[in-house]
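Asks: What follows is model-v4.tsv; its format and atoms are TSV, C-alpha atoms.
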chain	number	residue	atom	x	y	z
A	1	MET	CA	-12.96	-19.09	8.93
A	2	SER	CA	-12.44	-21.20	12.05
A	3	ASP	CA	-8.77	-22.05	11.38
A	4	THR	CA	-7.88	-18.81	9.60
A	5	VAL	CA	-4.93	-16.77	10.88
A	6	ILE	CA	-4.34	-13.11	10.00
A	7	THR	CA	-1.21	-11.12	10.84
A	8	VAL	CA	-1.36	-7.34	11.10
A	9	LEU	CA	1.81	-5.54	10.03
A	10	MET	CA	2.53	-2.15	11.61
A	11	SER	CA	5.52	0.17	11.15
A	12	THR	CA	5.93	2.99	13.66
A	13	TYR	CA	8.01	6.17	13.78
A	14	ASN	CA	7.67	8.86	16.48
A	15	GLY	CA	4.07	7.83	16.99
A	16	GLU	CA	3.72	8.19	20.75
A	17	LYS	CA	0.69	10.49	20.46
A	18	TYR	CA	-1.64	8.07	18.69
A	19	VAL	CA	-0.11	4.59	18.52
A	20	LYS	CA	-1.71	3.32	21.74
A	21	GLN	CA	-5.20	4.18	20.52
A	22	GLN	CA	-4.52	2.42	17.22
A	23	ILE	CA	-3.14	-0.72	18.85
A	24	ASP	CA	-6.11	-0.86	21.21
A	25	SER	CA	-8.48	-0.68	18.23
A	26	ILE	CA	-6.68	-3.70	16.71
A	27	LEU	CA	-6.83	-5.65	19.96
A	28	ALA	CA	-10.58	-4.90	20.04
A	29	GLN	CA	-11.23	-6.61	16.69
A	30	THR	CA	-14.17	-9.03	16.73
A	31	ILE	CA	-11.86	-11.82	15.54
A	32	TRP	CA	-8.75	-10.86	17.52
A	33	GLN	CA	-8.42	-14.47	18.72
A	34	LYS	CA	-7.43	-15.31	15.12
A	35	CYS	CA	-4.97	-12.41	14.81
A	36	ARG	CA	-1.39	-11.44	15.55
A	37	LEU	CA	0.18	-8.00	15.53
A	38	PHE	CA	3.79	-7.68	14.32
A	39	VAL	CA	5.28	-4.21	14.87
A	40	ARG	CA	8.60	-2.83	13.70
A	41	ASP	CA	9.72	0.54	15.04
A	42	ASP	CA	11.64	2.51	12.42
A	43	GLY	CA	14.13	4.25	14.73
A	44	SER	CA	11.76	6.44	16.76
A	45	LYS	CA	13.28	9.20	18.89
A	46	ASP	CA	10.26	9.63	21.18
A	47	ASN	CA	8.54	7.26	23.61
A	48	THR	CA	7.07	4.98	20.94
A	49	PRO	CA	9.52	2.09	21.65
A	50	PHE	CA	8.64	2.17	25.36
A	51	ILE	CA	4.91	2.03	24.58
A	52	LEU	CA	5.45	-0.91	22.21
A	53	GLN	CA	7.60	-2.74	24.72
A	54	GLU	CA	4.80	-2.54	27.29
A	55	TYR	CA	2.44	-4.33	24.89
A	56	ALA	CA	5.16	-6.86	24.02
A	57	ASP	CA	5.83	-7.58	27.71
A	58	LYS	CA	2.13	-8.45	28.09
A	59	GLY	CA	2.36	-10.86	25.16
A	60	LEU	CA	-0.05	-8.83	23.04
A	61	ILE	CA	2.27	-7.99	20.12
A	62	CYS	CA	5.48	-9.14	18.46
A	63	TYR	CA	7.85	-6.18	18.46
A	64	GLU	CA	11.19	-5.40	16.86
A	65	LYS	CA	13.19	-2.20	17.24
A	66	GLY	CA	15.10	-1.23	14.12
A	67	GLU	CA	17.12	1.52	12.49
A	68	ASN	CA	15.44	4.25	10.47
A	69	VAL	CA	15.08	3.00	6.88
A	70	GLY	CA	11.85	4.76	5.87
A	71	PHE	CA	8.29	3.47	6.03
A	72	ALA	CA	8.35	1.60	2.68
A	73	LYS	CA	11.41	-0.51	3.55
A	74	SER	CA	10.15	-0.95	7.09
A	75	PHE	CA	6.87	-2.43	5.85
A	76	PHE	CA	8.76	-4.57	3.35
A	77	TYR	CA	10.86	-5.95	6.20
A	78	LEU	CA	7.66	-6.85	8.03
A	79	MET	CA	6.34	-8.71	4.98
A	80	GLN	CA	9.61	-10.58	4.47
A	81	ASN	CA	9.99	-11.59	8.12
A	82	ALA	CA	6.41	-12.05	9.34
A	83	GLU	CA	6.30	-15.83	8.92
A	84	LYS	CA	9.67	-16.27	10.63
A	85	VAL	CA	8.65	-14.10	13.60
A	86	THR	CA	4.95	-14.87	14.09
A	87	GLY	CA	4.45	-18.15	12.25
A	88	SER	CA	2.51	-18.84	9.05
A	89	SER	CA	-0.65	-16.84	8.27
A	90	ASP	CA	-3.41	-17.09	5.71
A	91	TYR	CA	-3.90	-13.33	5.43
A	92	TYR	CA	-2.08	-10.11	6.24
A	93	ALA	CA	-3.10	-6.50	6.80
A	94	PHE	CA	-1.16	-3.23	6.73
A	95	CYS	CA	-1.65	-0.89	9.65
A	96	ASP	CA	-0.45	2.68	10.16
A	97	GLN	CA	0.32	4.00	13.62
A	98	ASP	CA	-2.11	6.90	13.79
A	99	ASP	CA	-5.46	5.69	12.47
A	100	PHE	CA	-8.34	3.87	14.15
A	101	TRP	CA	-9.94	0.58	13.11
A	102	MET	CA	-13.63	-0.22	13.39
A	103	PRO	CA	-14.14	-3.38	15.52
A	104	ASN	CA	-15.31	-5.47	12.54
A	105	LYS	CA	-12.60	-4.35	10.07
A	106	LEU	CA	-10.77	-7.65	9.81
A	107	GLU	CA	-13.89	-9.81	10.02
A	108	THR	CA	-15.49	-7.84	7.17
A	109	ALA	CA	-12.36	-8.20	5.03
A	110	LEU	CA	-12.02	-11.94	5.64
A	111	ASN	CA	-15.67	-12.54	4.74
A	112	CYS	CA	-15.08	-10.82	1.38
A	113	LEU	CA	-11.80	-12.59	0.69
A	114	GLN	CA	-12.92	-16.07	1.63
A	115	ASN	CA	-16.03	-15.80	-0.52
A	116	HIS	CA	-13.94	-15.18	-3.61
A	117	PRO	CA	-14.32	-18.01	-6.15
A	118	ASP	CA	-10.57	-18.47	-6.70
A	119	LEU	CA	-8.66	-18.59	-3.42
A	120	GLN	CA	-5.54	-19.91	-5.16
A	121	LYS	CA	-4.66	-16.60	-6.82
A	122	PRO	CA	-3.16	-13.43	-5.29
A	123	LEU	CA	-6.02	-11.53	-3.64
A	124	LEU	CA	-6.08	-7.96	-2.32
A	125	TYR	CA	-9.03	-6.44	-0.47
A	126	TYR	CA	-9.44	-2.72	0.16
A	127	SER	CA	-12.26	-0.92	1.95
A	128	ASN	CA	-13.70	2.52	2.38
A	129	MET	CA	-12.69	4.83	5.21
A	130	GLU	CA	-13.69	8.18	6.65
A	131	VAL	CA	-11.46	11.23	7.03
A	132	CYS	CA	-11.24	12.59	10.58
A	133	ASP	CA	-9.37	15.31	12.43
A	134	SER	CA	-6.63	14.62	14.97
A	135	ASN	CA	-9.29	13.76	17.59
A	136	LEU	CA	-11.09	11.36	15.25
A	137	ASN	CA	-14.00	13.72	14.68
A	138	PHE	CA	-15.58	13.24	11.24
A	139	VAL	CA	-14.32	15.69	8.59
A	140	CYS	CA	-15.47	14.33	5.24
A	141	LYS	CA	-16.24	11.21	3.26
A	142	ASN	CA	-13.54	9.51	1.27
A	143	ASP	CA	-13.68	9.66	-2.53
A	144	PHE	CA	-14.00	5.89	-2.73
A	145	ARG	CA	-12.95	3.87	-5.79
A	146	LYS	CA	-15.93	1.51	-6.26
A	147	THR	CA	-14.33	-0.13	-9.28
A	148	PRO	CA	-10.79	-1.32	-8.54
A	149	PRO	CA	-8.12	0.41	-10.66
A	150	ASP	CA	-6.40	-1.79	-13.21
A	151	PHE	CA	-2.69	-2.39	-13.74
A	152	THR	CA	-2.38	0.47	-16.26
A	153	GLU	CA	-3.15	2.97	-13.52
A	154	LEU	CA	-1.53	1.15	-10.62
A	155	CYS	CA	1.86	0.58	-12.25
A	156	LEU	CA	2.55	4.34	-12.11
A	157	ASN	CA	0.33	5.53	-9.28
A	158	SER	CA	-0.27	4.83	-5.63
A	159	VAL	CA	-4.03	5.39	-5.71
A	160	LEU	CA	-5.32	3.11	-2.95
A	161	TYR	CA	-4.89	3.43	0.82
A	162	GLY	CA	-2.60	0.77	2.23
A	163	PHE	CA	-4.07	0.89	5.73
A	164	THR	CA	-7.33	-0.52	4.30
A	165	PHE	CA	-5.55	-3.50	2.69
A	166	VAL	CA	-6.03	-7.11	3.70
A	167	PHE	CA	-4.37	-9.67	1.41
A	168	ASN	CA	-3.60	-13.34	1.19
A	169	ASP	CA	-0.34	-15.16	1.75
A	170	ILE	CA	-0.07	-15.92	-1.97
A	171	LEU	CA	0.14	-12.21	-2.79
A	172	LEU	CA	2.61	-11.55	0.01
A	173	LYS	CA	4.96	-14.25	-1.26
A	174	LYS	CA	4.78	-12.84	-4.79
A	175	VAL	CA	5.69	-9.33	-3.64
A	176	CYS	CA	8.50	-10.61	-1.43
A	177	GLN	CA	10.29	-11.86	-4.56
A	178	LEU	CA	11.00	-8.22	-5.42
A	179	ASP	CA	14.05	-6.24	-4.32
A	180	SER	CA	13.10	-3.96	-1.41
A	181	ALA	CA	15.89	-1.54	-2.38
A	182	LYS	CA	14.05	-0.85	-5.66
A	183	ILE	CA	10.55	-0.41	-4.22
A	184	ASP	CA	8.95	3.04	-4.21
A	185	GLY	CA	6.11	2.07	-1.87
A	186	HIS	CA	4.99	-1.11	-0.13
A	187	ASP	CA	1.27	-0.53	-0.73
A	188	PHE	CA	2.02	0.85	-4.21
A	189	ILE	CA	3.77	-2.33	-5.40
A	190	LEU	CA	1.35	-4.64	-3.57
A	191	ALA	CA	-1.64	-3.18	-5.43
A	192	ALA	CA	0.17	-3.27	-8.78
A	193	THR	CA	1.12	-6.91	-8.27
A	194	ALA	CA	-2.43	-7.87	-7.30
A	195	ALA	CA	-3.82	-6.11	-10.39
A	196	ALA	CA	-1.34	-7.85	-12.71
A	197	LEU	CA	-1.26	-11.35	-11.26
A	198	GLY	CA	-4.47	-11.71	-9.28
A	199	THR	CA	-7.64	-9.91	-8.23
A	200	ILE	CA	-8.43	-6.73	-6.32
A	201	ILE	CA	-11.67	-6.68	-4.31
A	202	SER	CA	-13.31	-3.38	-3.34
A	203	ASP	CA	-15.70	-2.93	-0.41
A	204	GLU	CA	-17.67	0.27	0.25
A	205	THR	CA	-17.90	-0.58	3.95
A	206	VAL	CA	-16.17	2.01	6.14
A	207	THR	CA	-13.72	-0.03	8.23
A	208	ALA	CA	-11.26	2.61	9.46
A	209	LYS	CA	-10.87	6.24	10.41
A	210	TYR	CA	-8.04	8.10	8.74
A	211	ARG	CA	-6.61	10.63	11.17
A	212	ARG	CA	-5.57	13.76	9.26
A	213	HIS	CA	-2.85	15.76	10.96
A	214	ASP	CA	0.41	17.54	10.18
A	215	ALA	CA	2.64	14.62	11.18
A	216	ASN	CA	1.27	11.97	8.79
A	217	THR	CA	4.13	9.73	7.62
A	218	SER	CA	2.98	9.72	4.00
A	219	GLN	CA	1.99	13.00	2.39
A	220	SER	CA	0.08	11.02	-0.24
A	221	ARG	CA	-2.64	10.52	2.34
A	222	ASN	CA	-3.08	14.22	2.96
A	223	PHE	CA	-5.62	16.46	1.22
A	224	THR	CA	-3.85	19.81	1.05
A	225	VAL	CA	-2.01	21.99	-1.47
A	226	LYS	CA	1.21	20.85	0.22
A	227	ALA	CA	0.25	17.24	-0.49
A	228	LEU	CA	-0.50	18.04	-4.13
A	229	ILE	CA	2.97	19.55	-4.57
A	230	TRP	CA	4.47	16.47	-2.92
A	231	LYS	CA	2.59	14.18	-5.32
A	232	ILE	CA	3.80	16.15	-8.33
A	233	LYS	CA	7.39	15.92	-7.16
A	234	ARG	CA	7.10	12.22	-6.37
A	235	PHE	CA	5.12	10.89	-9.30
A	236	LEU	CA	5.87	13.35	-12.09
A	237	ILE	CA	9.29	14.87	-11.54
A	238	ASN	CA	10.57	11.75	-9.71
A	239	ARG	CA	14.20	12.86	-9.87
A	240	ASN	CA	15.51	9.72	-8.24
A	241	ASN	CA	13.70	7.48	-10.75
A	242	ARG	CA	12.24	5.40	-7.92
A	243	ILE	CA	9.16	4.47	-9.92
A	244	LYS	CA	11.21	3.41	-12.93
A	245	LEU	CA	13.40	1.22	-10.72
A	246	GLN	CA	10.28	-0.37	-9.28
A	247	ILE	CA	8.84	-1.09	-12.74
A	248	GLU	CA	12.15	-2.52	-13.97
A	249	ASN	CA	12.34	-4.81	-10.94
A	250	PHE	CA	8.71	-5.82	-11.45
A	251	TYR	CA	9.43	-6.65	-15.11
A	252	ASP	CA	12.55	-8.70	-14.28
A	253	VAL	CA	10.69	-10.82	-11.72
A	254	PHE	CA	7.23	-11.24	-13.28
A	255	LYS	CA	7.63	-10.84	-17.06
A	256	THR	CA	6.75	-14.49	-17.72
A	257	GLU	CA	3.54	-14.22	-15.67
A	258	LEU	CA	2.09	-10.98	-17.07
A	259	LYS	CA	-0.90	-10.80	-19.37
A	260	GLU	CA	-0.03	-9.72	-22.91
A	261	LYS	CA	-1.50	-6.20	-22.51
A	262	ASP	CA	0.31	-5.55	-19.23
A	263	LEU	CA	3.57	-7.00	-20.54
A	264	HIS	CA	3.43	-4.64	-23.52
A	265	LEU	CA	2.93	-1.63	-21.24
A	266	VAL	CA	5.80	-2.63	-18.95
A	267	LYS	CA	8.08	-3.09	-21.96
A	268	LEU	CA	7.22	0.44	-23.08
A	269	LEU	CA	7.95	1.83	-19.62
A	270	VAL	CA	11.29	0.07	-19.15
A	271	GLY	CA	12.43	0.87	-22.69
A	272	ASP	CA	12.63	-2.69	-23.99
A	273	LYS	CA	14.61	-2.69	-27.25
A	274	SER	CA	12.13	-5.02	-28.93
A	275	VAL	CA	9.46	-2.28	-28.92
A	276	HIS	CA	9.80	0.56	-31.43
A	277	PHE	CA	8.53	4.15	-31.03
A	278	LYS	CA	8.18	3.64	-27.29
A	279	LYS	CA	7.74	7.30	-26.36
A	280	LEU	CA	5.12	7.92	-29.02
A	281	LYS	CA	3.23	4.80	-27.98
A	282	LEU	CA	3.22	5.97	-24.36
A	283	LEU	CA	2.07	9.44	-25.39
A	284	PHE	CA	-0.89	7.94	-27.26
A	285	TYR	CA	-1.45	4.90	-25.05
A	286	PRO	CA	-5.15	3.90	-25.40
A	287	ALA	CA	-5.89	3.37	-21.70
A	288	ARG	CA	-5.87	5.97	-18.93
A	289	PHE	CA	-2.90	6.23	-16.58
A	290	ARG	CA	-4.85	8.53	-14.26
A	291	GLN	CA	-8.51	9.24	-13.62
A	292	SER	CA	-8.02	13.00	-13.99
A	293	ILE	CA	-7.79	14.01	-17.67
A	294	PHE	CA	-5.36	16.81	-16.81
A	295	GLN	CA	-3.10	14.62	-14.67
A	296	ASP	CA	-3.20	11.88	-17.30
A	297	PHE	CA	-2.11	14.36	-19.98
A	298	VAL	CA	0.72	15.75	-17.85
A	299	LEU	CA	1.96	12.25	-17.04
A	300	ARG	CA	2.00	11.33	-20.74
A	301	VAL	CA	4.05	14.45	-21.53
A	302	PHE	CA	6.56	13.58	-18.80
A	303	LEU	CA	6.82	10.02	-20.12
A	304	PHE	CA	7.34	11.32	-23.66
A	305	LEU	CA	10.06	13.73	-22.51
A	306	GLY	CA	11.80	10.99	-20.54
A	307	LEU	CA	11.35	12.76	-17.19
A	308	LEU	CA	9.88	9.70	-15.51
Once more with this new file: its structure as structure tokens, please.
Replies:
Amino acid sequence: MSDTVITVLMSTYNGEKYVKQQIDSILAQTIWQKCRLFVRDDGSKDNTPFILQEYADKGLICYEKGENVGFAKSFFYLMQNAEKVTGSSDYYAFCDQDDFWMPNKLETALNCLQNHPDLQKPLLYYSNMEVCDSNLNFVCKNDFRKTPPDFTELCLNSVLYGFTFVFNDILLKKVCQLDSAKIDGHDFILAATAAALGTIISDETVTAKYRRHDANTSQSRNFTVKALIWKIKRFLINRNNRIKLQIENFYDVFKTELKEKDLHLVKLLVGDKSVHFKKLKLLFYPARFRQSIFQDFVLRVFLFLGLL
């Protein structure tokens, strides 16, 4: 681990209330001497850019101010430009503006990643976290996925929390081959790519506090009825076909690298002409798309009806 470098990627938007506490928790990491923090502001209208500039002036972060493009494209920009801005890194981590990292978060992740038997394949680590209120007081435990989801589930669902991710440079370079204009979510596509082309490592260790409040950037990280409605609209109704665009782009780029089972599923989803009875095969697909039986059934119906 002595020569290892890790770059933390953070996108901010109107985060003046919590971003300082989050940055300070990153600077307090036990292995901060091995780390860099690259921040892109996504067109904030509050004091977030001024706060970030103060850290940049002290030489603590690399900071770029950008136009508002949405958090997914903003994170993708960070992935595509990290090496150019901060230099080469062995590992990367996603970071949201309003959470809080335990001091050993990155050290714990690197220990797990570097003990993997095959360091030459795309590797993605995710950890446990605890749900807190806006003041970081404990609210409840996270429903942690001890067994990593496979590609069948991840190709249609964003089921892991991106702010717990630490991943190697090999995975980052794979994902950066994709078209950012066709990506539905940065953490979504990163997990799917890791499942298809590499390995996902789960760790029950709590390494971060998720701050639950009304201004969370991604509703998928909320635990309310409002969030459930948002998920239904995004993943089931999906009027803009963002997920289908993402799968088509994934197929175009990685079809020669996919395992036979995963390639068959992607061909069904993109409507490849070489596969017959595609809708029926999706309706009766032998593996689960979702953990919930009800949600899995509903998703199959939407796929059969061509609504996804």
Asks: With 4 Å added on each side, what axis-aligned box encloses every listed atom of range 97-100 of chain A? Give the centre and edge lengths in Å to one decimal, as lines of an AutoDock Vina configuration file.
Replies:
center_x = -4.0
center_y = 5.4
center_z = 13.3
size_x = 16.7
size_y = 11.0
size_z = 9.7
Asks: What separation in Å, quoted to one decimal, exists between CA of Ala109 in chain A and CA of Asp169 in chain A?
Replies: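 Computing the Euclidean distance for CA of Ala109 in chain A and CA of Asp169 in chain A yields 14.3 Å.
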Asks: Where does range 34-153 of chain A meet range 174-194 of chain A within 7 Å, residue by residue, with the nearest atom pair and distance in Å to one decimal for each, counting only C-alpha atoms, listed by chain and rising number, as CSV?
Replies:
residue,atom,partner,partner_atom,distance
A:Ala72,CA,A:Gly185,CA,5.1
A:Lys73,CA,A:Ser180,CA,6.3
A:Phe75,CA,A:His186,CA,6.4
A:Phe76,CA,A:His186,CA,6.2
A:Gln80,CA,A:Cys176,CA,6.0
A:Pro122,CA,A:Ala194,CA,6.0
A:Leu123,CA,A:Ala194,CA,6.3
A:Leu124,CA,A:Ala194,CA,6.2
A:Phe151,CA,A:Ala192,CA,5.8
Asks: From the set A:Leu305, A:Thr152, A:Lys65, A:Leu299, which residue has the shortest atom-to-atom contact distance to His264 in chain A, counting only C-alpha atoms?
Replies: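 Going through A:Leu305, A:Thr152, A:Lys65, A:Leu299 one by one, the smallest distance to His264 in chain A is for A:Thr152.
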Asks: Using CA of Phe38 in chain A and CA of Asn81 in chain A as the two end points, give the distance in Å to one decimal.
Replies: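 Atom-to-atom, CA of Phe38 in chain A and CA of Asn81 in chain A are spaced 9.6 Å apart.
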Asks: Determine the nearest neighbour of Tyr91 in chain A from the options A:Phe167, A:Tyr63, A:Phe254, A:Tyr18, counting only C-alpha atoms.
Replies: A:Phe167
Asks: From the set A:Tyr161, A:Gly59, A:Ile201, A:Glu130, which residue has the shortest atom-to-atom contact distance to Thr147 in chain A, counting all atoms listed in the file?
Replies: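 Checking each candidate against Thr147 in chain A, we get A:Ile201 as the closest.
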Asks: May I have the residues within 12 Å of Ser202 in chain A as a list of chain:residue names, using all atoms listed in the file and disregarding those fewer than 6 positions away in the same chain?
Replies: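 Result of the neighbour search: A:Thr108, A:Ala109, A:Cys112, A:Leu113, A:His116, A:Leu123, A:Leu124, A:Tyr125, A:Tyr126, A:Ser127, A:Asn128, A:Met129, A:Phe144, A:Arg145, A:Lys146, A:Thr147, A:Pro148, A:Pro149, A:Leu160, A:Tyr161, A:Thr164, A:Phe165, A:Val166, A:Phe167, A:Ala191.
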Asks: Between CA of Gln53 in chain A and CA of Leu37 in chain A, what is the distance in Å, rounded to a tenth?
Replies: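 Taking CA of Gln53 in chain A and CA of Leu37 in chain A, their separation equals 12.9 Å.
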Asks: Determine, counting only C-alpha atoms, which protein, DNA and RNA residues have an atom within 7 Å of an atom of Glu248 in chain A; residues of the same chain fewer than 4 positions away are not included. Present the result as JSON, numbers by chain.
Replies: {"A": [244, 252, 270]}
Asks: For a quick check of understanding, using only C-alpha atoms, which of A:Ser88, A:Gln114, A:Thr207, A:Thr48 has the smallest distance to Lys17 in chain A?
Replies: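 Residue with the minimum atom-to-atom distance to Lys17 in chain A: A:Thr48.
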Asks: So, counting only C-alpha atoms, which residue among A:Met10, A:Cys95, A:Ile31, A:Val19 is closest to Cys62 in chain A?
Replies: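 Using only C-alpha atoms, the shortest distance to Cys62 in chain A belongs to A:Met10.
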Asks: Using only C-alpha atoms for the distances, tell me which of A:Asn14, A:Ser74, A:His213, A:Glu64 is nearest to Lys45 in chain A.
Replies: A:Asn14
Asks: Counting only C-alpha atoms, which residues come within 12 Å of (8.8, 9.8, 17.4), with the point read in the file's coordinates, and could you list them as a short mmCIF file (atom, residue, chain, number, x, y, z; two decimals) with C-alpha atoms, in the frame of the given file?
Replies:
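Result written to out39.cif:
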data_model
loop_
_atom_site.label_atom_id
_atom_site.label_comp_id
_atom_site.auth_asym_id
_atom_site.auth_seq_id
_atom_site.Cartn_x
_atom_site.Cartn_y
_atom_site.Cartn_z
CA SER A 11 5.52 0.17 11.15
CA THR A 12 5.93 2.99 13.66
CA TYR A 13 8.01 6.17 13.78
CA ASN A 14 7.67 8.86 16.48
CA GLY A 15 4.07 7.83 16.99
CA GLU A 16 3.72 8.19 20.75
CA LYS A 17 0.69 10.49 20.46
CA TYR A 18 -1.64 8.07 18.69
CA VAL A 19 -0.11 4.59 18.52
CA ASP A 41 9.72 0.54 15.04
CA ASP A 42 11.64 2.51 12.42
CA GLY A 43 14.13 4.25 14.73
CA SER A 44 11.76 6.44 16.76
CA LYS A 45 13.28 9.20 18.89
CA ASP A 46 10.26 9.63 21.18
CA ASN A 47 8.54 7.26 23.61
CA THR A 48 7.07 4.98 20.94
CA PRO A 49 9.52 2.09 21.65
CA PHE A 50 8.64 2.17 25.36
CA ILE A 51 4.91 2.03 24.58
CA ASN A 68 15.44 4.25 10.47
CA GLN A 97 0.32 4.00 13.62
CA ASP A 98 -2.11 6.90 13.79
CA ALA A 215 2.64 14.62 11.18
CA ASN A 216 1.27 11.97 8.79
CA THR A 217 4.13 9.73 7.62
#
Asks: Considering all atoms listed in the file, return as an mmCIF file with C-alpha atoms, keeping the file's coordinate frame whatever protein or nucleic-acid residues lie within 10 Å of Ile26 in chain A, sequence-local ones (same chain, fewer than 5 positions apart) excluded.
Replies:
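Heads up, here's the output in around.cif:
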data_model
loop_
_atom_site.group_PDB
_atom_site.id
_atom_site.type_symbol
_atom_site.label_atom_id
_atom_site.label_comp_id
_atom_site.auth_asym_id
_atom_site.auth_seq_id
_atom_site.Cartn_x
_atom_site.Cartn_y
_atom_site.Cartn_z
ATOM 1 C CA VAL A 8 -1.360 -7.340 11.100
ATOM 2 C CA LYS A 20 -1.710 3.320 21.740
ATOM 3 C CA GLN A 21 -5.200 4.180 20.520
ATOM 4 C CA ILE A 31 -11.860 -11.820 15.540
ATOM 5 C CA TRP A 32 -8.750 -10.860 17.520
ATOM 6 C CA CYS A 35 -4.970 -12.410 14.810
ATOM 7 C CA ARG A 36 -1.390 -11.440 15.550
ATOM 8 C CA LEU A 37 0.180 -8.000 15.530
ATOM 9 C CA CYS A 95 -1.650 -0.890 9.650
ATOM 10 C CA PHE A 100 -8.340 3.870 14.150
ATOM 11 C CA TRP A 101 -9.940 0.580 13.110
ATOM 12 C CA MET A 102 -13.630 -0.220 13.390
ATOM 13 C CA PRO A 103 -14.140 -3.380 15.520
ATOM 14 C CA ASN A 104 -15.310 -5.470 12.540
ATOM 15 C CA LYS A 105 -12.600 -4.350 10.070
ATOM 16 C CA LEU A 106 -10.770 -7.650 9.810
#
